[in-house]
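See below for the structure under consideration.
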Amino acid sequence: MNLKWHIKEKLRLPRDLLFSTLKGIGRCSSWRFLGLPHIYQVDKGSITIGTNFTACSKVSQNDLGVAQPVVLRAIRPGAKITIGNDVGMSGCSLCAMGEIRVGDRCLIGSGAIICDSDLHPMQPGYRRRPEFATWKPVILEEDTFIGARSIVLKGVRVGKGAVVGAGALVTKDVPEYAIVGGNPAKVIGDVRNYPEPELAQK
């Protein structure tokens, strides 16, 4: 089993480097793609990723499973997604018309959606014309944890160390170290009130 894992790791690196180069996002030997993500950037759009990035797009590599690959899309000229160092994400979608920033050491759970626009205008006569959709930047500060199947909408800043609970719909800024949950998301706790974790008993 160990030998099989080592062989897979040796084969993974050149595959990941080739994939990254073909997608125009540069390349970094510290990235880990567990299953290939879906990456798309229009001409003059940009996706920038820091070191030690992990993207899990494979059901067998996530305890909860993933329903889709990791999706990173910069869909307008000038749109940018910036991902910091030591970021991990599983089966989530990040879609930028303008700007999405993910800080260092953020975790984004399976099925989460982060989008800086509504993708379609509100007015019925224009809904099939996404070029009229507006956007506002989304910023995840360092050490944030975005729970599985949550949604972070345009214009939201999630503060340092905060936790967005599973299934939450985030429409407003989240304070530093806050825990938010529900639809719409509200503050339900503070990370700093939790004791230091202990190792689980075997």
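Identifiers in the structure tokens: chain A, B, ... in order shown; residue index from 1 per chain; ligand index from 1 in order shown.
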
Exercise for the section: Assign secondary structure with DSSP using the backbone only, and return the residues of segment 41-133 of chain A in strand (DSSP E) as a ChimeraX atom specification. Expected result: /A:41,46-49,54-56,71-74,80-83,88-90,93-96,99-102,107-108,113-115

Go ahead and write the residues just picked, N, CA, C and O atoms, as a tab-separated table (two decimals), in the first residue's frame.
chain	number	residue	atom	x	y	z
A	41	GLN	N	-10.09	30.90	-16.82
A	41	GLN	CA	-9.93	32.34	-16.73
A	41	GLN	C	-10.00	32.93	-18.13
A	41	GLN	O	-9.37	32.43	-19.06
A	46	SER	N	-7.33	36.65	-14.11
A	46	SER	CA	-6.17	36.01	-13.48
A	46	SER	C	-6.57	35.19	-12.27
A	46	SER	O	-7.48	35.55	-11.52
A	47	ILE	N	-5.88	34.07	-12.11
A	47	ILE	CA	-6.00	33.22	-10.93
A	47	ILE	C	-4.59	33.03	-10.39
A	47	ILE	O	-3.72	32.50	-11.10
A	48	THR	N	-4.36	33.49	-9.15
A	48	THR	CA	-3.03	33.41	-8.55
A	48	THR	C	-3.13	32.58	-7.27
A	48	THR	O	-4.01	32.82	-6.44
A	49	ILE	N	-2.23	31.62	-7.14
A	49	ILE	CA	-2.29	30.68	-6.02
A	49	ILE	C	-0.94	30.65	-5.32
A	49	ILE	O	0.11	30.56	-5.96
A	54	THR	N	-3.88	22.89	-1.56
A	54	THR	CA	-4.49	21.57	-1.77
A	54	THR	C	-5.91	21.74	-2.27
A	54	THR	O	-6.70	22.45	-1.65
A	55	ALA	N	-6.21	21.10	-3.40
A	55	ALA	CA	-7.57	21.12	-3.96
A	55	ALA	C	-8.04	19.68	-4.10
A	55	ALA	O	-7.48	18.91	-4.88
A	56	CYS	N	-9.07	19.32	-3.33
A	56	CYS	CA	-9.60	17.96	-3.36
A	56	CYS	C	-10.84	17.91	-4.25
A	56	CYS	O	-11.87	18.51	-3.93
A	71	VAL	N	-13.86	24.24	-8.35
A	71	VAL	CA	-14.09	25.11	-9.50
A	71	VAL	C	-13.52	26.49	-9.18
A	71	VAL	O	-13.91	27.11	-8.19
A	72	LEU	N	-12.60	26.96	-10.02
A	72	LEU	CA	-12.05	28.31	-9.92
A	72	LEU	C	-12.28	28.99	-11.27
A	72	LEU	O	-11.71	28.58	-12.27
A	73	ARG	N	-13.11	30.05	-11.27
A	73	ARG	CA	-13.46	30.70	-12.54
A	73	ARG	C	-13.36	32.22	-12.41
A	73	ARG	O	-14.03	32.82	-11.58
A	74	ALA	N	-12.52	32.82	-13.26
A	74	ALA	CA	-12.45	34.27	-13.40
A	74	ALA	C	-13.09	34.59	-14.75
A	74	ALA	O	-12.50	34.33	-15.81
A	80	LYS	N	-10.21	38.66	-10.98
A	80	LYS	CA	-9.07	37.96	-10.38
A	80	LYS	C	-9.47	37.19	-9.12
A	80	LYS	O	-10.28	37.66	-8.32
A	81	ILE	N	-8.89	36.02	-9.01
A	81	ILE	CA	-8.99	35.21	-7.81
A	81	ILE	C	-7.58	35.09	-7.25
A	81	ILE	O	-6.67	34.65	-7.97
A	82	THR	N	-7.41	35.49	-6.00
A	82	THR	CA	-6.10	35.43	-5.36
A	82	THR	C	-6.20	34.52	-4.15
A	82	THR	O	-7.01	34.76	-3.25
A	83	ILE	N	-5.39	33.48	-4.13
A	83	ILE	CA	-5.41	32.48	-3.06
A	83	ILE	C	-4.06	32.50	-2.37
A	83	ILE	O	-3.01	32.42	-3.01
A	88	GLY	N	-6.57	25.13	1.80
A	88	GLY	CA	-7.14	23.84	1.40
A	88	GLY	C	-8.60	24.01	1.03
A	88	GLY	O	-9.34	24.74	1.70
A	89	MET	N	-9.02	23.34	-0.03
A	89	MET	CA	-10.42	23.40	-0.43
A	89	MET	C	-10.85	22.07	-1.02
A	89	MET	O	-10.04	21.35	-1.60
A	90	SER	N	-12.14	21.75	-0.84
A	90	SER	CA	-12.69	20.49	-1.33
A	90	SER	C	-14.00	20.74	-2.07
A	90	SER	O	-14.93	21.33	-1.50
A	93	SER	N	-16.84	25.96	-5.16
A	93	SER	CA	-16.84	26.82	-6.35
A	93	SER	C	-16.50	28.25	-5.95
A	93	SER	O	-17.12	28.81	-5.06
A	94	LEU	N	-15.50	28.83	-6.64
A	94	LEU	CA	-15.18	30.24	-6.52
A	94	LEU	C	-15.35	30.86	-7.90
A	94	LEU	O	-14.67	30.44	-8.85
A	95	CYS	N	-16.25	31.83	-8.01
A	95	CYS	CA	-16.54	32.43	-9.31
A	95	CYS	C	-16.44	33.95	-9.19
A	95	CYS	O	-17.17	34.56	-8.41
A	96	ALA	N	-15.51	34.56	-9.95
A	96	ALA	CA	-15.25	35.99	-9.84
A	96	ALA	C	-15.55	36.72	-11.14
A	96	ALA	O	-15.05	36.36	-12.19
A	99	GLU	N	-13.43	40.40	-8.09
A	99	GLU	CA	-12.32	39.98	-7.24
A	99	GLU	C	-12.79	39.10	-6.09
A	99	GLU	O	-13.74	39.43	-5.39
A	100	ILE	N	-12.07	37.99	-5.91
A	100	ILE	CA	-12.20	37.15	-4.71
A	100	ILE	C	-10.80	36.97	-4.16
A	100	ILE	O	-9.87	36.60	-4.88
A	101	ARG	N	-10.65	37.23	-2.86
A	101	ARG	CA	-9.37	37.05	-2.20
A	101	ARG	C	-9.50	36.05	-1.07
A	101	ARG	O	-10.39	36.19	-0.21
A	102	VAL	N	-8.64	35.06	-1.04
A	102	VAL	CA	-8.63	34.03	0.00
A	102	VAL	C	-7.30	34.13	0.75
A	102	VAL	O	-6.24	33.98	0.14
A	107	LEU	N	-9.59	27.36	4.98
A	107	LEU	CA	-10.15	26.07	4.59
A	107	LEU	C	-11.55	26.30	4.03
A	107	LEU	O	-12.35	27.01	4.65
A	108	ILE	N	-11.84	25.71	2.88
A	108	ILE	CA	-13.15	25.86	2.25
A	108	ILE	C	-13.72	24.47	2.02
A	108	ILE	O	-13.13	23.65	1.32
A	113	ILE	N	-19.99	27.63	-1.95
A	113	ILE	CA	-20.01	28.51	-3.11
A	113	ILE	C	-19.62	29.90	-2.65
A	113	ILE	O	-20.19	30.45	-1.70
A	114	ILE	N	-18.64	30.49	-3.34
A	114	ILE	CA	-18.21	31.85	-3.07
A	114	ILE	C	-18.25	32.61	-4.38
A	114	ILE	O	-17.56	32.24	-5.34
A	115	CYS	N	-19.08	33.65	-4.42
A	115	CYS	CA	-19.29	34.35	-5.69
A	115	CYS	C	-19.38	35.85	-5.42
A	115	CYS	O	-20.06	36.28	-4.48

Problem - Contacts of segment 117-120 of chain A within 7 Å, only C-alpha atoms, excl. fewer than 4 positions in-chain, as a list in words - result: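 Near segment 117-120 of chain A, the qualifying residues are Met97, Arg127, Arg128, Arg129, Pro130, Ala133, Thr134, Trp135, Lys136 and Lys154 of chain A.
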
Residues just named, written with all heavy atoms as a tab-separated table (two decimals), in the first residue's frame:
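The resulting file, selection-v1.tsv, is shown below:
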chain	number	residue	atom	x	y	z
A	97	MET	N	-16.40	37.75	-11.02
A	97	MET	CA	-16.54	38.74	-12.09
A	97	MET	C	-15.59	39.90	-11.85
A	97	MET	O	-15.20	40.59	-12.77
A	97	MET	CB	-17.97	39.27	-12.15
A	97	MET	CG	-18.94	38.39	-12.88
A	97	MET	SD	-20.51	39.26	-13.14
A	97	MET	CE	-21.32	38.09	-14.23
A	127	ARG	N	-32.11	39.36	-17.46
A	127	ARG	CA	-31.53	38.21	-16.76
A	127	ARG	C	-30.72	37.28	-17.64
A	127	ARG	O	-29.88	36.52	-17.16
A	127	ARG	CB	-32.64	37.42	-16.05
A	127	ARG	CG	-33.11	38.12	-14.79
A	127	ARG	CD	-34.12	37.34	-14.03
A	127	ARG	NE	-34.76	38.21	-13.03
A	127	ARG	CZ	-35.94	37.99	-12.52
A	127	ARG	NH1	-36.65	36.94	-12.91
A	127	ARG	NH2	-36.44	38.80	-11.62
A	128	ARG	N	-30.96	37.30	-18.93
A	128	ARG	CA	-30.16	36.48	-19.84
A	128	ARG	C	-28.95	37.24	-20.39
A	128	ARG	O	-28.31	36.79	-21.34
A	128	ARG	CB	-31.03	35.98	-21.00
A	128	ARG	CG	-32.09	34.98	-20.56
A	128	ARG	CD	-32.92	34.49	-21.73
A	128	ARG	NE	-33.94	33.56	-21.29
A	128	ARG	CZ	-33.75	32.24	-21.18
A	128	ARG	NH1	-32.59	31.70	-21.45
A	128	ARG	NH2	-34.74	31.46	-20.77
A	129	ARG	N	-28.66	38.38	-19.77
A	129	ARG	CA	-27.53	39.19	-20.22
A	129	ARG	C	-26.58	39.43	-19.05
A	129	ARG	O	-26.61	40.48	-18.40
A	129	ARG	CB	-28.03	40.50	-20.82
A	129	ARG	CG	-28.99	40.29	-21.98
A	129	ARG	CD	-29.30	41.58	-22.71
A	129	ARG	NE	-28.10	42.14	-23.31
A	129	ARG	CZ	-28.09	43.32	-23.94
A	129	ARG	NH1	-29.20	44.03	-24.05
A	129	ARG	NH2	-26.96	43.78	-24.46
A	130	PRO	N	-25.74	38.44	-18.74
A	130	PRO	CA	-24.87	38.54	-17.57
A	130	PRO	C	-23.88	39.70	-17.63
A	130	PRO	O	-23.32	40.08	-16.61
A	130	PRO	CB	-24.14	37.18	-17.56
A	130	PRO	CG	-24.28	36.65	-18.94
A	130	PRO	CD	-25.57	37.17	-19.47
A	133	ALA	N	-24.60	42.25	-15.11
A	133	ALA	CA	-24.55	41.92	-13.68
A	133	ALA	C	-23.48	42.75	-12.98
A	133	ALA	O	-22.42	43.02	-13.55
A	133	ALA	CB	-24.28	40.43	-13.50
A	134	THR	N	-23.75	43.15	-11.75
A	134	THR	CA	-22.78	43.92	-10.97
A	134	THR	C	-22.02	43.00	-10.02
A	134	THR	O	-22.47	41.88	-9.72
A	134	THR	CB	-23.49	45.02	-10.16
A	134	THR	OG1	-24.46	44.42	-9.29
A	134	THR	CG2	-24.18	46.01	-11.09
A	135	TRP	N	-20.89	43.48	-9.52
A	135	TRP	CA	-20.10	42.68	-8.59
A	135	TRP	C	-19.54	43.56	-7.47
A	135	TRP	O	-19.41	44.77	-7.61
A	135	TRP	CB	-18.96	41.97	-9.32
A	135	TRP	CG	-17.91	42.90	-9.88
A	135	TRP	CD1	-17.90	43.49	-11.11
A	135	TRP	CD2	-16.72	43.36	-9.21
A	135	TRP	NE1	-16.80	44.29	-11.24
A	135	TRP	CE2	-16.06	44.22	-10.10
A	135	TRP	CE3	-16.18	43.12	-7.95
A	135	TRP	CZ2	-14.86	44.85	-9.78
A	135	TRP	CZ3	-14.98	43.74	-7.61
A	135	TRP	CH2	-14.33	44.59	-8.54
A	136	LYS	N	-19.25	42.91	-6.36
A	136	LYS	CA	-18.54	43.53	-5.24
A	136	LYS	C	-17.55	42.50	-4.71
A	136	LYS	O	-17.87	41.31	-4.65
A	136	LYS	CB	-19.52	43.93	-4.13
A	136	LYS	CG	-20.49	45.03	-4.52
A	136	LYS	CD	-21.42	45.35	-3.35
A	136	LYS	CE	-22.44	46.42	-3.74
A	136	LYS	NZ	-23.39	46.68	-2.64
A	154	LYS	N	-21.81	38.24	-2.70
A	154	LYS	CA	-20.98	39.38	-3.12
A	154	LYS	C	-20.88	40.43	-2.01
A	154	LYS	O	-21.80	40.65	-1.22
A	154	LYS	CB	-21.55	40.01	-4.39
A	154	LYS	CG	-22.88	40.73	-4.20
A	154	LYS	CD	-23.34	41.33	-5.52
A	154	LYS	CE	-24.62	42.12	-5.32
A	154	LYS	NZ	-25.15	42.70	-6.55

Practice task
Would you mind reading off the distance between atom CA of Arg32 of chain A and atom CA of Leu153 of chain A, one decimal, in Å?
Solution key: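 Result for atom CA of Arg32 of chain A versus atom CA of Leu153 of chain A: 27.2 Å, one decimal.
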
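You will find atom CA of Ser30 of chain A at 23.8 Å from atom CA of Gly161 of chain A.
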
Exercise for the section: Compare A:Ala112, A:Val170, A:Ala162, A:Cys28 by their minimum atom-to-atom distance to Ser150 of chain A, counting only C-alpha atoms, and give me the closest one. Expected result: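 Closest residue, counting only C-alpha atoms: A:Ala112.
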
Exercise for the section: Return the single residue from A:Gly159, A:Pro37, A:Gly125, A:Gly84 that is closest to Glu141 of chain A, with distances computed using only C-alpha atoms. Expected result: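 Residue with the minimum atom-to-atom distance to Glu141 of chain A: A:Gly159.
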
Exercise for the section: Would you please work out which residue, of A:Asp116, A:Leu22, A:Ile75, A:Ala148, is nearest to Thr171 of chain A when using only C-alpha atoms? Expected result: A:Asp116

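Between Gly50 of chain A and the candidates A:Val87, A:Leu18, A:Val70, A:Val174, the tightest atom-to-atom separation, counting only C-alpha atoms, involves A:Val87.
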
Handout entry: Residue nearest Ala168 of chain A among A:Pro137, A:Pro195, A:Gly111, A:Pro124 (counting only C-alpha atoms)
Key =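 Checking each candidate against Ala168 of chain A, we get A:Gly111 as the closest.
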
Exercise for the section: Compare A:Lys172, A:Gln61, A:Asn52, A:Arg157 by their minimum atom-to-atom distance to Pro184 of chain A, counting only C-alpha atoms, and give me the closest one. Expected result: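 Closest to Pro184 of chain A, using only C-alpha atoms: A:Lys172.
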